[in-house]
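> First, the structure itself, so that you have it in front of you.
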Amino acid sequence: YYDRDGDGRLSKDEFLNALRAMGACPNTADFEDVCQKLGSNLDHKALREAWKKLFRQRPTSDKLIAQFRGLSQEGMIDKNVLRFLATNYGERLNEDEVNELLKLAKPDSDGQINVEHLANALMPPLPQAHKRK
């Protein structure tokens, strides 16, 4: 529970970090929508409520692999293509975030990234207690 000042409430940053630590992967719009609906009282109860909604939306590694299928050749994608996509589309990553992504992606000596490995690294299997029902 990420309540740094011990007041029983979370700041929006603490709230987001707690949701991510619990396995939810909300995009900015979904996170803002949940926060707006919950109001300013972001406490433990609100965290559980938000997690229940957002965790169901968590993508799977199979979904990520399918989304890369049109951009990859034989299950591989060039690191420069991944960098371009991550910095120009969707929720754009900054340079530090892209470098972290590429470190996680582990490109080979030719700069090629195994899409399945990347998807599994980004979306590791869920603990049994957190599996979707």
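Naming works like this for the structure tokens: A, B, ... for the chains as they're shown, residue 1 at the start of each chain, ligands 1 onward in shown order.
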Run DSSP on the backbone and grab whatever in chain A lands in alpha helix (DSSP H); send it over as a PyMOL selection string.

chain A and resi 12-21+28-38+44-55+61-68+79-88+95-105+115-122

> Distance table requested - range 4-49 of chain A against range 89-102 of chain A, cut-off 10 Å, only C-alpha atoms: one row per qualifying residue with the closest atom pair and its distance in Å to one decimal, ordered by chain and rising residue number, as JSON lines.


```
{"residue": "A:Asn27", "atom": "CA", "partner": "A:Glu91", "partner_atom": "CA", "distance": 7.5}
{"residue": "A:Thr28", "atom": "CA", "partner": "A:Glu91", "partner_atom": "CA", "distance": 7.7}
{"residue": "A:Ala29", "atom": "CA", "partner": "A:Glu91", "partner_atom": "CA", "distance": 9.8}
```

> Mind checking DSSP for chain A and telling me the strand (DSSP E or B) residues as a count of residues only?

7

> Which residue, A:Arg20, A:Glu116, A:Tyr2, A:Leu122, has the smallest gap to Ser72 in chain A when you use only C-alpha atoms?

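Using only C-alpha atoms, the shortest distance to Ser72 in chain A belongs to A:Glu116.
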
> With only C-alpha atoms as the basis for distance, which of A:Val115, A:Asp33, A:Leu19, A:Asn120 is at the shortest distance from Glu74 in chain A?

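Looking at the shortest contact to Glu74 in chain A, the residue is A:Val115.
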
> Please provide as JSON, numbers by chain all residues within 10 Å of Lys79 in chain A, with the sequence filter that same-chain residues fewer than 2 positions apart are discarded (counting only C-alpha atoms).

{"A": [76, 77, 81, 82, 83, 84, 85, 101, 102, 105, 106, 107, 108, 110, 111, 112, 113, 114]}

> Please, could you write that set of residues out with all heavy atoms as a compact mmCIF listing (two decimals), in the first residue's frame?


```txt
# COMPACT_ATOMS: atom_id res chain seq x y z
N MET A 76 10.04 -11.41 -35.37
CA MET A 76 11.10 -10.48 -34.97
C MET A 76 10.75 -9.07 -35.42
O MET A 76 10.10 -8.88 -36.44
CB MET A 76 12.45 -10.89 -35.59
CG MET A 76 12.88 -12.32 -35.27
SD MET A 76 13.24 -12.60 -33.53
CE MET A 76 14.89 -11.94 -33.41
N ILE A 77 11.19 -8.08 -34.64
CA ILE A 77 11.00 -6.68 -34.99
C ILE A 77 12.30 -5.95 -34.74
O ILE A 77 13.02 -6.22 -33.77
CB ILE A 77 9.82 -6.05 -34.21
CG1 ILE A 77 9.49 -4.65 -34.74
CG2 ILE A 77 10.10 -6.03 -32.72
CD1 ILE A 77 8.18 -4.09 -34.21
N VAL A 81 12.52 0.16 -35.20
CA VAL A 81 11.08 0.21 -35.46
C VAL A 81 10.34 0.30 -34.12
O VAL A 81 9.42 1.11 -33.96
CB VAL A 81 10.61 -1.01 -36.28
CG1 VAL A 81 9.09 -1.07 -36.36
CG2 VAL A 81 11.23 -0.98 -37.67
N LEU A 82 10.75 -0.52 -33.16
CA LEU A 82 10.12 -0.48 -31.84
C LEU A 82 10.31 0.89 -31.19
O LEU A 82 9.38 1.45 -30.63
CB LEU A 82 10.69 -1.58 -30.94
CG LEU A 82 10.07 -1.66 -29.54
CD1 LEU A 82 8.57 -1.93 -29.61
CD2 LEU A 82 10.78 -2.73 -28.73
N ARG A 83 11.51 1.45 -31.30
CA ARG A 83 11.77 2.79 -30.76
C ARG A 83 10.85 3.82 -31.41
O ARG A 83 10.25 4.65 -30.74
CB ARG A 83 13.23 3.18 -30.97
CG ARG A 83 13.56 4.59 -30.51
CD ARG A 83 15.01 4.97 -30.81
NE ARG A 83 15.94 4.19 -30.02
CZ ARG A 83 16.27 4.46 -28.75
NH1 ARG A 83 15.72 5.48 -28.14
NH2 ARG A 83 17.11 3.70 -28.12
N PHE A 84 10.71 3.76 -32.74
CA PHE A 84 9.85 4.70 -33.45
C PHE A 84 8.40 4.56 -32.99
O PHE A 84 7.74 5.56 -32.72
CB PHE A 84 9.96 4.46 -34.96
CG PHE A 84 9.10 5.38 -35.76
CD1 PHE A 84 9.52 6.69 -36.04
CD2 PHE A 84 7.86 4.98 -36.23
CE1 PHE A 84 8.71 7.56 -36.76
CE2 PHE A 84 7.05 5.84 -36.95
CZ PHE A 84 7.48 7.13 -37.22
N LEU A 85 7.91 3.33 -32.90
CA LEU A 85 6.53 3.10 -32.47
C LEU A 85 6.30 3.63 -31.05
O LEU A 85 5.29 4.27 -30.78
CB LEU A 85 6.19 1.61 -32.53
CG LEU A 85 6.13 0.99 -33.92
CD1 LEU A 85 6.01 -0.52 -33.80
CD2 LEU A 85 5.00 1.58 -34.72
N LEU A 101 12.69 -0.04 -22.09
CA LEU A 101 11.98 -0.99 -22.93
C LEU A 101 12.97 -1.81 -23.76
O LEU A 101 12.86 -3.04 -23.84
CB LEU A 101 10.99 -0.27 -23.85
CG LEU A 101 10.24 -1.12 -24.87
CD1 LEU A 101 9.35 -2.15 -24.17
CD2 LEU A 101 9.41 -0.23 -25.79
N LEU A 102 13.93 -1.15 -24.37
CA LEU A 102 14.91 -1.86 -25.19
C LEU A 102 15.80 -2.77 -24.35
O LEU A 102 16.19 -3.85 -24.81
CB LEU A 102 15.75 -0.86 -26.00
CG LEU A 102 14.98 -0.13 -27.10
CD1 LEU A 102 15.85 0.91 -27.77
CD2 LEU A 102 14.41 -1.11 -28.12
N ALA A 105 13.73 -5.71 -23.83
CA ALA A 105 13.51 -6.42 -25.09
C ALA A 105 14.70 -7.29 -25.50
O ALA A 105 14.53 -8.26 -26.22
CB ALA A 105 13.20 -5.42 -26.20
N LYS A 106 15.89 -6.94 -25.07
CA LYS A 106 17.11 -7.70 -25.36
C LYS A 106 17.31 -7.96 -26.86
O LYS A 106 17.26 -9.11 -27.32
CB LYS A 106 17.12 -9.02 -24.60
CG LYS A 106 17.10 -8.84 -23.11
CD LYS A 106 17.11 -10.17 -22.40
CE LYS A 106 17.05 -9.94 -20.90
NZ LYS A 106 16.94 -11.18 -20.14
N PRO A 107 17.56 -6.90 -27.63
CA PRO A 107 17.80 -7.10 -29.06
C PRO A 107 19.04 -7.98 -29.29
O PRO A 107 19.98 -7.95 -28.49
CB PRO A 107 18.05 -5.69 -29.60
CG PRO A 107 17.75 -4.76 -28.51
CD PRO A 107 17.67 -5.51 -27.24
N ASP A 108 19.03 -8.74 -30.39
CA ASP A 108 20.21 -9.55 -30.71
C ASP A 108 21.28 -8.67 -31.35
O ASP A 108 21.12 -7.45 -31.45
CB ASP A 108 19.82 -10.75 -31.58
CG ASP A 108 19.32 -10.36 -32.98
OD1 ASP A 108 19.55 -9.21 -33.43
OD2 ASP A 108 18.69 -11.22 -33.63
N ASP A 110 22.07 -8.17 -34.28
CA ASP A 110 21.61 -7.48 -35.48
C ASP A 110 20.53 -6.44 -35.18
O ASP A 110 19.95 -5.85 -36.10
CB ASP A 110 21.05 -8.49 -36.50
CG ASP A 110 22.12 -9.43 -37.03
OD1 ASP A 110 23.28 -8.99 -37.17
OD2 ASP A 110 21.79 -10.60 -37.28
N GLY A 111 20.22 -6.24 -33.90
CA GLY A 111 19.20 -5.27 -33.51
C GLY A 111 17.78 -5.80 -33.63
O GLY A 111 16.82 -5.03 -33.59
N GLN A 112 17.62 -7.10 -33.77
CA GLN A 112 16.31 -7.72 -33.89
C GLN A 112 15.80 -8.16 -32.52
O GLN A 112 16.56 -8.66 -31.70
CB GLN A 112 16.35 -8.93 -34.83
CG GLN A 112 16.72 -8.57 -36.26
CD GLN A 112 15.67 -7.68 -36.90
OE1 GLN A 112 14.50 -8.03 -36.97
NE2 GLN A 112 16.08 -6.52 -37.37
N ILE A 113 14.50 -7.98 -32.30
CA ILE A 113 13.87 -8.31 -31.03
C ILE A 113 12.85 -9.41 -31.27
O ILE A 113 12.01 -9.31 -32.17
CB ILE A 113 13.17 -7.07 -30.44
CG1 ILE A 113 14.21 -6.00 -30.10
CG2 ILE A 113 12.33 -7.44 -29.22
CD1 ILE A 113 13.62 -4.64 -29.83
N ASN A 114 12.91 -10.45 -30.45
CA ASN A 114 11.93 -11.52 -30.51
C ASN A 114 10.64 -11.00 -29.88
O ASN A 114 10.61 -10.68 -28.69
CB ASN A 114 12.47 -12.74 -29.77
CG ASN A 114 11.51 -13.90 -29.81
OD1 ASN A 114 10.37 -13.80 -29.36
ND2 ASN A 114 11.98 -15.01 -30.34
```

> Which is closest to Trp51 in chain A among A:Asp78, A:Asp7, A:Asp30, A:Asp13, if we use only C-alpha atoms?

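Closest residue, counting only C-alpha atoms: A:Asp30.
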
> Looking at only C-alpha atoms, which of A:Lys103, A:Arg58, A:Phe31, A:Leu42 is the one that sits closest to Glu14 in chain A?

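Looking at the shortest contact to Glu14 in chain A, the residue is A:Leu42.
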
> Write out as an MDAnalysis selection string each polymer residue whose atoms come within 12 Å of Phe15 in chain A, counting only C-alpha atoms; drop sequence neighbours fewer than 5 positions from it.

chainID A and resid 1:4 8:10 20:22 24 26 31:32 34:35 38 40:51

> So which one's closest to Ala121 in chain A, A:Gly39, A:Arg56, A:Ser61, A:Thr87? Using only C-alpha atoms, please.

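Closest residue, counting only C-alpha atoms: A:Ser61.
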
> Compare A:Lys12, A:Leu118, A:Met123, A:Gly23 by their minimum atom-to-atom distance to Gly75 in chain A, counting only C-alpha atoms, and give me the closest one.

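Among the listed residues, A:Leu118 lies closest to Gly75 in chain A.
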